[in-house]
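Text of the file target22.txt, holding compact mmCIF, C-alpha atoms and all ligand atoms:
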```
# COMPACT_ATOMS: atom_id res chain seq x y z
CA MET A 39 117.67 164.36 118.70
CA ALA A 40 118.41 162.53 115.45
CA PHE A 41 116.05 162.31 112.54
CA PRO A 42 116.47 160.00 109.59
CA SER A 43 118.19 161.89 106.78
CA LYS A 44 115.21 161.70 104.44
CA ALA A 45 112.71 162.79 107.05
CA ARG A 46 110.79 165.96 106.45
CA HIS A 47 111.59 168.48 109.08
CA PRO A 48 108.78 168.40 111.64
CA MET A 49 108.53 172.17 111.82
CA ASN A 50 108.00 172.42 108.07
CA ALA A 51 105.50 169.63 108.27
CA ALA A 52 103.65 171.48 110.96
CA LYS A 53 103.52 174.68 108.92
CA ARG A 54 102.24 172.78 105.94
CA LEU A 55 99.54 171.12 108.00
CA GLY A 56 98.64 174.37 109.68
CA GLU A 57 97.91 172.35 112.77
CA LEU A 58 100.24 173.94 115.24
CA PRO A 59 99.07 176.87 117.32
CA ALA A 60 101.43 179.86 117.26
CA ARG A 61 102.90 179.37 120.69
CA LYS A 62 106.21 180.21 122.21
CA SER A 63 106.63 176.73 123.56
CA PRO A 64 109.94 174.96 123.71
CA VAL A 65 110.88 172.88 120.71
CA PRO A 66 110.39 169.45 122.32
CA GLU A 67 106.71 170.21 122.93
CA ARG A 68 106.23 171.19 119.30
CA LEU A 69 107.85 168.01 118.15
CA THR A 70 105.35 166.13 120.24
CA ASP A 71 102.51 168.13 118.67
CA VAL A 72 103.78 167.15 115.25
CA ALA A 73 103.98 163.54 116.31
CA ILE A 74 100.41 163.68 117.60
CA ALA A 75 99.23 165.23 114.34
CA ARG A 76 101.00 162.50 112.36
CA VAL A 77 99.43 159.65 114.30
CA LYS A 78 96.05 161.37 114.10
CA GLU A 79 96.45 161.64 110.34
CA MET A 80 97.06 157.92 110.13
CA ILE A 81 93.75 157.33 111.91
CA THR A 82 91.68 159.88 109.98
CA SER A 83 93.07 158.61 106.67
CA GLY A 84 92.11 155.06 107.60
CA LYS A 85 95.70 153.81 107.64
CA LEU A 86 95.07 152.85 111.23
CA VAL A 87 91.61 151.61 112.16
CA PRO A 88 89.90 151.00 115.52
CA GLY A 89 91.38 147.99 117.30
CA GLN A 90 94.47 147.91 115.10
CA ARG A 91 97.91 147.45 116.55
CA LEU A 92 100.46 150.17 115.80
CA PRO A 93 103.68 149.20 114.02
CA ARG A 94 106.78 148.83 116.18
CA GLU A 95 107.93 152.12 117.63
CA GLN A 96 111.13 152.35 115.64
CA ASP A 97 109.38 151.45 112.38
CA LEU A 98 106.57 153.93 112.92
CA ALA A 99 109.00 156.67 113.95
CA ARG A 100 110.97 156.11 110.76
CA GLU A 101 107.84 156.02 108.62
CA LEU A 102 106.53 159.26 110.07
CA GLY A 103 109.90 161.02 110.11
CA LEU A 104 109.83 161.44 113.86
CA SER A 105 112.21 160.79 116.68
CA ARG A 106 111.30 157.87 118.90
CA ASN A 107 111.08 160.24 121.85
CA SER A 108 108.48 162.44 120.15
CA LEU A 109 106.52 159.41 119.07
CA ARG A 110 106.59 158.02 122.59
CA GLU A 111 105.29 161.34 123.97
CA ALA A 112 102.54 161.39 121.35
CA VAL A 113 101.49 157.87 122.25
CA ARG A 114 101.38 158.86 125.91
CA ALA A 115 99.18 161.89 125.15
CA LEU A 116 96.85 159.94 122.85
CA THR A 117 96.57 157.21 125.45
CA LEU A 118 95.38 159.74 128.01
CA ILE A 119 92.53 160.83 125.77
CA LYS A 120 91.66 157.18 124.97
CA VAL A 121 92.60 157.29 121.31
CA LEU A 122 95.36 154.75 121.88
CA GLU A 123 95.70 152.01 124.42
CA VAL A 124 98.96 150.45 125.59
CA ARG A 125 98.64 146.76 126.41
CA GLN A 126 101.51 145.73 128.62
CA GLY A 127 103.79 143.20 126.99
CA ASP A 128 101.75 143.33 123.79
CA GLY A 129 101.86 146.65 122.06
CA THR A 130 99.98 149.85 121.37
CA TYR A 131 96.53 149.68 119.83
CA VAL A 132 93.99 152.11 118.48
CA THR A 133 90.98 151.97 120.82
CA SER A 134 87.43 151.40 119.60
CA LEU A 135 87.17 155.21 119.12
CA GLU A 136 83.58 154.97 120.33
CA PRO A 137 82.12 158.37 121.30
CA ARG A 138 81.53 157.13 124.85
CA LEU A 139 85.25 156.46 125.22
CA LEU A 140 86.46 159.64 123.55
CA PHE A 141 84.11 161.79 125.59
CA ASP A 142 85.78 160.56 128.78
CA ALA A 143 88.41 163.23 128.27
CA VAL A 144 85.73 165.89 127.94
CA ALA A 145 84.01 164.54 131.04
CA PHE A 146 87.24 164.90 132.94
CA VAL A 147 87.61 168.59 132.14
CA THR A 148 83.95 169.40 132.66
CA HIS A 149 84.49 168.62 136.32
CA LEU A 150 86.67 171.73 136.40
CA LEU A 151 83.94 174.08 135.22
CA ARG A 152 82.82 176.93 137.45
CA ASP A 153 79.25 177.77 138.33
CA HIS A 154 78.53 180.21 135.50
CA GLN A 155 79.94 177.71 133.01
CA MET A 156 77.80 175.02 134.56
CA LEU A 157 74.78 177.11 133.64
CA GLU A 158 75.89 176.99 130.02
CA VAL A 159 76.29 173.26 130.30
CA TRP A 160 72.76 173.12 131.64
CA GLU A 161 71.51 175.17 128.69
CA VAL A 162 73.06 172.64 126.34
CA ARG A 163 71.26 169.89 128.21
CA ARG A 164 67.99 171.84 127.89
CA LEU A 165 68.52 172.08 124.13
CA LEU A 166 69.44 168.46 123.60
CA GLU A 167 67.61 166.36 126.16
CA PRO A 168 64.06 167.10 124.93
CA ALA A 169 65.19 166.16 121.43
CA ALA A 170 66.69 162.92 122.71
CA THR A 171 63.50 162.17 124.63
CA ALA A 172 61.39 162.73 121.52
CA LEU A 173 63.62 160.33 119.58
CA ALA A 174 63.36 157.79 122.38
CA ALA A 175 59.56 158.05 122.32
CA ALA A 176 59.60 157.18 118.65
CA ARG A 177 62.15 154.40 118.94
CA MET A 178 61.60 152.58 122.23
CA THR A 179 60.39 148.99 122.04
CA ALA A 180 57.88 147.38 124.37
CA ALA A 181 60.81 145.82 126.25
CA ASP A 182 62.36 149.27 126.64
CA HIS A 183 59.08 150.53 128.11
CA LEU A 184 59.28 147.83 130.78
CA GLU A 185 62.87 148.76 131.54
CA LEU A 186 61.95 152.44 131.84
CA ALA A 187 59.08 151.57 134.17
CA ASP A 188 61.54 149.61 136.28
CA ARG A 189 63.82 152.63 136.52
CA ILE A 190 60.98 154.85 137.64
CA GLU A 191 60.13 152.32 140.31
CA ARG A 192 63.74 152.32 141.51
CA PHE A 193 63.57 156.10 141.79
CA ARG A 194 60.27 155.87 143.67
CA ILE A 195 61.54 153.48 146.33
CA ALA A 196 64.99 155.06 146.73
CA THR A 197 65.59 156.49 150.18
CA THR A 198 69.24 157.48 150.62
CA ALA A 199 70.70 160.43 148.73
CA ASP A 200 73.00 158.08 146.82
CA ASP A 201 70.15 155.81 145.77
CA VAL A 202 67.97 158.70 144.68
CA MET A 203 70.82 160.23 142.68
CA SER A 204 71.81 157.04 140.93
CA ALA A 205 68.18 156.12 140.19
CA ASP A 206 67.69 159.57 138.69
CA VAL A 207 70.84 159.30 136.60
CA GLU A 208 69.89 155.81 135.41
CA PHE A 209 66.43 156.98 134.35
CA HIS A 210 67.85 159.73 132.18
CA ARG A 211 70.73 157.63 130.92
CA PHE A 212 68.35 154.98 129.63
CA ILE A 213 66.38 157.57 127.68
CA TYR A 214 69.60 158.93 126.15
CA HIS A 215 70.53 155.41 125.15
CA CYS A 216 67.12 154.72 123.61
CA ALA A 217 67.35 157.84 121.47
CA GLY A 218 69.47 155.60 119.27
CA ASN A 219 72.26 158.04 118.48
CA SER A 220 75.56 157.23 120.18
CA MET A 221 76.96 160.74 119.69
CA LEU A 222 73.89 162.39 121.22
CA GLU A 223 73.99 159.84 124.04
CA SER A 224 77.64 160.56 124.78
CA VAL A 225 77.24 164.32 124.68
CA LEU A 226 74.29 164.22 127.05
CA GLU A 227 75.96 161.79 129.41
CA THR A 228 79.12 163.82 129.47
CA LEU A 229 77.64 167.25 129.88
CA SER A 230 74.60 166.44 131.92
CA LEU A 231 75.27 163.51 134.13
CA GLN A 232 78.93 163.27 134.96
CA THR A 233 79.37 166.96 135.48
CA LEU A 234 76.39 167.68 137.60
CA GLN A 235 75.65 164.64 139.61
CA VAL A 236 77.98 165.59 142.43
CA ARG A 237 75.73 168.42 143.47
CA ALA A 238 72.66 166.89 142.02
CA TRP A 239 70.84 165.48 144.93
CA ARG A 240 72.38 167.21 147.88
CA LYS A 241 68.77 167.79 148.82
CA ALA A 242 67.94 164.28 147.78
CA THR A 243 66.52 163.32 151.10
CA ASP A 244 63.99 166.12 150.79
CA GLU A 245 60.81 164.20 150.09
CA ARG A 246 59.04 167.14 148.46
CA HIS A 247 61.72 167.49 145.80
CA ARG A 248 61.82 163.81 145.14
CA GLN A 249 58.05 163.61 144.72
CA ALA A 250 58.06 166.54 142.29
CA ALA A 251 60.79 164.90 140.22
CA LEU A 252 58.96 161.58 140.36
CA ALA A 253 55.82 163.22 138.97
CA GLU A 254 57.86 164.77 136.15
CA HIS A 255 59.58 161.47 135.38
CA THR A 256 56.16 159.82 135.26
CA GLN A 257 54.92 162.38 132.74
CA ILE A 258 57.93 161.70 130.54
CA TYR A 259 57.32 157.98 130.90
CA ARG A 260 53.64 158.26 129.94
CA ALA A 261 54.43 160.31 126.85
CA ILE A 262 57.04 157.75 125.80
CA LEU A 263 54.62 154.90 126.45
CA ALA A 264 52.05 156.67 124.26
CA ARG A 265 54.76 156.91 121.56
CA ASP A 266 54.09 160.62 121.42
CA PRO A 267 57.40 162.36 120.59
CA GLU A 268 56.08 165.90 120.91
CA LEU A 269 54.51 165.27 124.30
CA ALA A 270 57.71 163.55 125.43
CA ARG A 271 59.74 166.52 124.23
CA ALA A 272 57.54 168.93 126.19
CA ALA A 273 57.60 166.84 129.37
CA SER A 274 61.37 166.55 129.16
CA ALA A 275 61.79 170.30 128.55
CA MET A 276 59.70 171.05 131.64
CA HIS A 277 61.74 168.68 133.76
CA VAL A 278 65.12 169.99 132.64
CA ALA A 279 63.95 173.59 133.02
CA GLU A 280 63.02 172.89 136.65
CA GLY A 281 66.55 171.77 137.35
CA GLU A 282 68.05 174.67 135.49
CA SER A 283 66.08 177.27 137.41
CA TRP A 284 67.15 175.66 140.65
CA LEU A 285 70.77 175.95 139.54
CA ARG A 286 70.33 179.59 138.52
CA ASP A 287 68.84 180.42 141.88
CA SER A 288 71.50 178.59 143.81
CA ALA A 289 74.31 180.17 141.78
CA ALA A 290 72.99 183.68 142.38
CA PRO A 291 74.68 185.86 145.01
CA LEU A 292 71.46 186.07 146.99
CA PRO A 293 70.74 183.35 149.53
CA ALA A 294 69.94 180.13 147.74
CA VAL A 295 66.30 179.37 147.16
CA ASP A 296 65.34 176.43 149.27
CA GLY A 297 63.67 174.42 146.62
CA GLY A 298 64.04 172.45 143.46
CA THR A 299 66.58 169.94 142.44
CA LEU A 300 69.46 170.04 140.09
CA MET A 301 69.64 166.66 138.44
CA SER A 302 65.96 166.02 138.68
ZN ZN B 401 65.28 163.56 136.55
```

Could you write out this file's structure as structure tokens?
Ligand SMILES: [Zn+2]
Amino acid sequence: MAFPSKARHPMNAAKRLGELPARKSPVPERLTDVAIARVKEMITSGKLVPGQRLPREQDLARELGLSRNSLREAVRALTLIKVLEVRQGDGTYVTSLEPRLLFDAVAFVTHLLRDHQMLEVWEVRRLLEPAATALAAARMTAADHLELADRIERFRIATTADDVMSADVEFHRFIYHCAGNSMLESVLETLSLQTLQVRAWRKATDERHRQAALAEHTQIYRAILARDPELARAASAMHVAEGESWLRDSAAPLPAVDGGTLMS
């Protein structure tokens, strides 16, 4: 693999950056790591900005002191995690780098979590969702209130498990959005919704569970409508705690408790 004569050796560059983990991986993989670090540096330093097209491969490889192969591998890896985007017949671009996009990669791996790790995910939701709900109570407009009411209504009239689940998810998602913090919104969506919804309403057709969740949603809604952040925070905490205790019970080695909902 040829490097331009003036190029800094990638291994030295990696040591200087301190960005490479001490692994016994084969050299080609390390070269790719260096290439990734170099492209990342260009973004963090502002040399490349969201939506910008990358220079031609051979030019960028020369500029960064990399082989074209390593650069190509880096682009492939960064494309997978939605940092870069290859447009066929056009070129490679930096994506919008919006949290929602970047958290897709996290969402993908959270699907691989086991039950005890899911409980930790749920704890994170319990910490963050009441805070997001309090922010939403302070920030929602009158139009938002109407939209939230509409989402509660959709939950109320839902009958199939799929409808109940998606109405539930949409209710919570709208509150996350109205908290007005895109990072908080993305974290909550990633950890709470995408991870858990698969098992969320497997008891969705159970009318008792749905009615309990509906009553809790209504309490959250009323607190938001009253623009009372602390009441909204408390109502949200109660609702999330209900779901968490159901998960704890169902994850225990004893026979699952026949009650409660997960994504409620
Ligand atoms: Zn719910």

Name each residue within 8 Å of ligand ZN 401 (chain B), counting all atoms listed in the file, as a list in words. Asp206, Val207, Phe209, His210, Ala251, Leu252, Glu254, His255, His277, Val278, Met301 and Ser302 of chain A

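Our summary of the geometry notes that atom CA of A:Asp266 is positioned 14.1 Å from atom CA of A:Ile213.
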
Ranking A:Arg286, A:Arg110, A:Arg211, A:Lys85 by minimum distance to A:Asp71 and counting only C-alpha atoms, which one comes first?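 Among the listed residues, A:Arg110 lies closest to A:Asp71.
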
Which residues are close to A:Pro93, i.e. within 12 Å by all atoms listed in the file, leaving aside same-chain residues fewer than 6 positions away? Reply as a count of residues only. 14

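Remark: for A:Ser134, the closest of the candidate residues A:Val87, A:Ile195, A:Leu263, A:Ala180 is A:Val87 (distances computed over all atoms listed in the file).
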
Leaving out A:Leu186 and any residue of its chain fewer than 3 positions from it, which residues lie within 9 Å of it when counting all atoms listed in the file, given as a ChimeraX atom specification? /A:181-183,189-191,209,212-213,259

Please report, as JSON, the centre and edge lengths in Å to one decimal of an axis-aligned box covering all listed atoms of stretch 177-185 of chain A with 4 Å per side.
```
{"center_x": 60.4, "center_y": 150.1, "center_z": 125.2, "size_x": 13.0, "size_y": 16.6, "size_z": 20.6}
```

Judged by all atoms listed in the file, the minimum distance to A:Met221 among A:Glu208, A:Glu280, A:Glu136, A:Asp142 is found for A:Glu136
